[in-house]
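So this block is structure_39.pdb, PDB, C-alpha atoms:
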```pdb
MODEL        1
ATOM      1  CA  MET A   1      -4.248  10.790  -9.686  1.00  0.00           C
ATOM      2  CA  LYS A   2      -6.769  11.754 -12.305  1.00  0.00           C
ATOM      3  CA  THR A   3      -6.091  13.775 -15.428  1.00  0.00           C
ATOM      4  CA  ARG A   4      -8.005  15.910 -17.890  1.00  0.00           C
ATOM      5  CA  ILE A   5      -5.602  15.090 -20.732  1.00  0.00           C
ATOM      6  CA  LYS A   6      -8.145  13.292 -22.912  1.00  0.00           C
ATOM      7  CA  GLU A   7     -10.687  16.089 -22.506  1.00  0.00           C
ATOM      8  CA  LEU A   8      -8.096  18.787 -23.210  1.00  0.00           C
ATOM      9  CA  ARG A   9      -6.746  16.925 -26.248  1.00  0.00           C
ATOM     10  CA  ALA A  10     -10.271  16.853 -27.669  1.00  0.00           C
ATOM     11  CA  VAL A  11     -10.621  20.610 -27.187  1.00  0.00           C
ATOM     12  CA  LEU A  12      -7.364  21.232 -29.071  1.00  0.00           C
ATOM     13  CA  GLY A  13      -8.101  18.505 -31.608  1.00  0.00           C
ATOM     14  CA  ILE A  14      -4.784  16.697 -31.143  1.00  0.00           C
ATOM     15  CA  THR A  15      -4.130  12.980 -31.042  1.00  0.00           C
ATOM     16  CA  GLN A  16      -2.274  10.973 -28.440  1.00  0.00           C
ATOM     17  CA  VAL A  17       0.585  10.602 -30.928  1.00  0.00           C
ATOM     18  CA  GLU A  18       0.796  14.357 -31.513  1.00  0.00           C
ATOM     19  CA  LEU A  19       0.813  15.110 -27.791  1.00  0.00           C
ATOM     20  CA  ALA A  20       3.400  12.408 -27.150  1.00  0.00           C
ATOM     21  CA  LYS A  21       5.723  13.805 -29.827  1.00  0.00           C
ATOM     22  CA  HIS A  22       5.280  17.328 -28.511  1.00  0.00           C
ATOM     23  CA  VAL A  23       6.284  16.400 -24.948  1.00  0.00           C
ATOM     24  CA  GLY A  24       8.894  13.790 -25.906  1.00  0.00           C
ATOM     25  CA  VAL A  25       7.324  10.523 -24.769  1.00  0.00           C
ATOM     26  CA  ARG A  26       5.779   7.473 -26.415  1.00  0.00           C
ATOM     27  CA  ARG A  27       2.048   7.296 -27.179  1.00  0.00           C
ATOM     28  CA  GLU A  28       1.727   4.504 -24.627  1.00  0.00           C
ATOM     29  CA  THR A  29       2.767   6.935 -21.896  1.00  0.00           C
ATOM     30  CA  ILE A  30      -0.113   9.232 -22.842  1.00  0.00           C
ATOM     31  CA  VAL A  31      -2.487   6.235 -22.826  1.00  0.00           C
ATOM     32  CA  PHE A  32      -1.361   5.248 -19.321  1.00  0.00           C
ATOM     33  CA  LEU A  33      -1.647   8.855 -18.107  1.00  0.00           C
ATOM     34  CA  GLU A  34      -5.188   9.146 -19.447  1.00  0.00           C
ATOM     35  CA  LYS A  35      -6.173   5.895 -17.729  1.00  0.00           C
ATOM     36  CA  GLY A  36      -4.626   6.990 -14.431  1.00  0.00           C
ATOM     37  CA  LYS A  37      -2.121   4.128 -14.488  1.00  0.00           C
ATOM     38  CA  TYR A  38       1.001   6.296 -14.565  1.00  0.00           C
ATOM     39  CA  ASN A  39       2.154   9.211 -12.448  1.00  0.00           C
ATOM     40  CA  PRO A  40       4.250  11.596 -14.517  1.00  0.00           C
ATOM     41  CA  SER A  41       7.481  13.213 -13.460  1.00  0.00           C
ATOM     42  CA  LEU A  42       7.201  16.868 -12.558  1.00  0.00           C
ATOM     43  CA  GLN A  43       8.971  17.755 -15.805  1.00  0.00           C
ATOM     44  CA  LEU A  44       6.495  15.735 -17.902  1.00  0.00           C
ATOM     45  CA  ALA A  45       3.504  17.153 -16.013  1.00  0.00           C
ATOM     46  CA  TYR A  46       4.830  20.661 -16.607  1.00  0.00           C
ATOM     47  CA  SER A  47       5.394  19.977 -20.334  1.00  0.00           C
ATOM     48  CA  ILE A  48       1.875  18.632 -20.766  1.00  0.00           C
ATOM     49  CA  ALA A  49       0.319  21.524 -18.844  1.00  0.00           C
ATOM     50  CA  LYS A  50       2.350  23.996 -20.889  1.00  0.00           C
ATOM     51  CA  THR A  51       1.073  22.361 -24.091  1.00  0.00           C
ATOM     52  CA  PHE A  52      -2.473  23.120 -22.963  1.00  0.00           C
ATOM     53  CA  ASP A  53      -1.443  26.557 -21.640  1.00  0.00           C
ATOM     54  CA  LEU A  54      -2.829  25.670 -18.205  1.00  0.00           C
ATOM     55  CA  PRO A  55      -1.405  25.324 -14.691  1.00  0.00           C
ATOM     56  CA  ILE A  56      -0.489  21.770 -13.691  1.00  0.00           C
ATOM     57  CA  GLU A  57      -3.335  21.750 -11.140  1.00  0.00           C
ATOM     58  CA  GLU A  58      -5.897  22.180 -13.941  1.00  0.00           C
ATOM     59  CA  VAL A  59      -4.573  19.206 -15.908  1.00  0.00           C
ATOM     60  CA  PHE A  60      -3.745  16.798 -13.074  1.00  0.00           C
ATOM     61  CA  ILE A  61      -6.103  16.235 -10.154  1.00  0.00           C
ATOM     62  CA  PHE A  62      -4.303  15.028  -7.049  1.00  0.00           C
ATOM     63  CA  PHE A  63      -6.293  13.350  -4.260  1.00  0.00           C
TER
ENDMDL
END
```
Would you give me this structure, written as structure tokens?
Amino acid sequence: MKTRIKELRAVLGITQVELAKHVGVRRETIVFLEKGKYNPSLQLAYSIAKTFDLPIEEVFIFF
């Protein structure tokens, strides 16, 4: 799975730490998500998408 988290964070001007705190995970989780080394739970994917005010499908690219 690929994500647009890094790109979307840049648009909002938020750091990995800020995003992690907002969705209730550690910064390392955000790092692994951005590198495609971690598949989030549905709840985490929803929380991240909600942070960016986008549907899950626009944040996470499933192939």
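Interatomic distance, atom CA of A:Met1 against atom CA of A:Phe62: 5.0 Å.
Taking atom CA of A:Gln16 and atom CA of A:Lys2 as the two end points, the separation is 16.8 Å.
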(request) Between atom CA of A:Phe63 and atom CA of A:Gly24, measure the distance and give it in Å to one decimal. (result) 26.4 Å
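Every protein, DNA or RNA residue with an atom at most 10 Å from A:Glu57, where only C-alpha atoms count and chain neighbours fewer than 3 positions away do not, is listed here: A:Thr3, A:Ala45, A:Tyr46, A:Ala49, A:Leu54, A:Phe60, A:Ile61, A:Phe62.
The list of residues with at least one atom within 12 Å of A:Leu19, based on all atoms listed in the file and without residues fewer than 4 positions apart in the same chain, reads Ile5, Lys6, Leu8, Arg9, Ala10, Leu12, Gly13, Ile14, Thr15, Val23, Gly24, Val25, Arg26, Arg27, Glu28, Thr29, Ile30, Val31, Leu33, Glu34, Leu44, Ser47, Ile48, Ala49, Lys50, Thr51 and Phe52 of chain A.
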(message) Between A:Glu18, A:Leu42, A:Lys35, A:Val11, which residue has the minimum interatomic distance to A:Ile56, considering only C-alpha atoms?
(response) A:Leu42
Find the smallest box with edges along x, y and z containing every listed atom of stretch 37-51 of chain A, then add 8 Å on each side and report centre and edge lengths in Å to one decimal, as AutoDock Vina command-line options.
```
--center_x 3.4 --center_y 14.1 --center_z -18.3 --size_x 27.1 --size_y 35.9 --size_z 27.6
```
(message) Here is a test: counting all atoms listed in the file, which residue of A:His22, A:Gly36, A:Gln43, A:Val17 is nearest to A:Arg4?
(response) A:Gly36
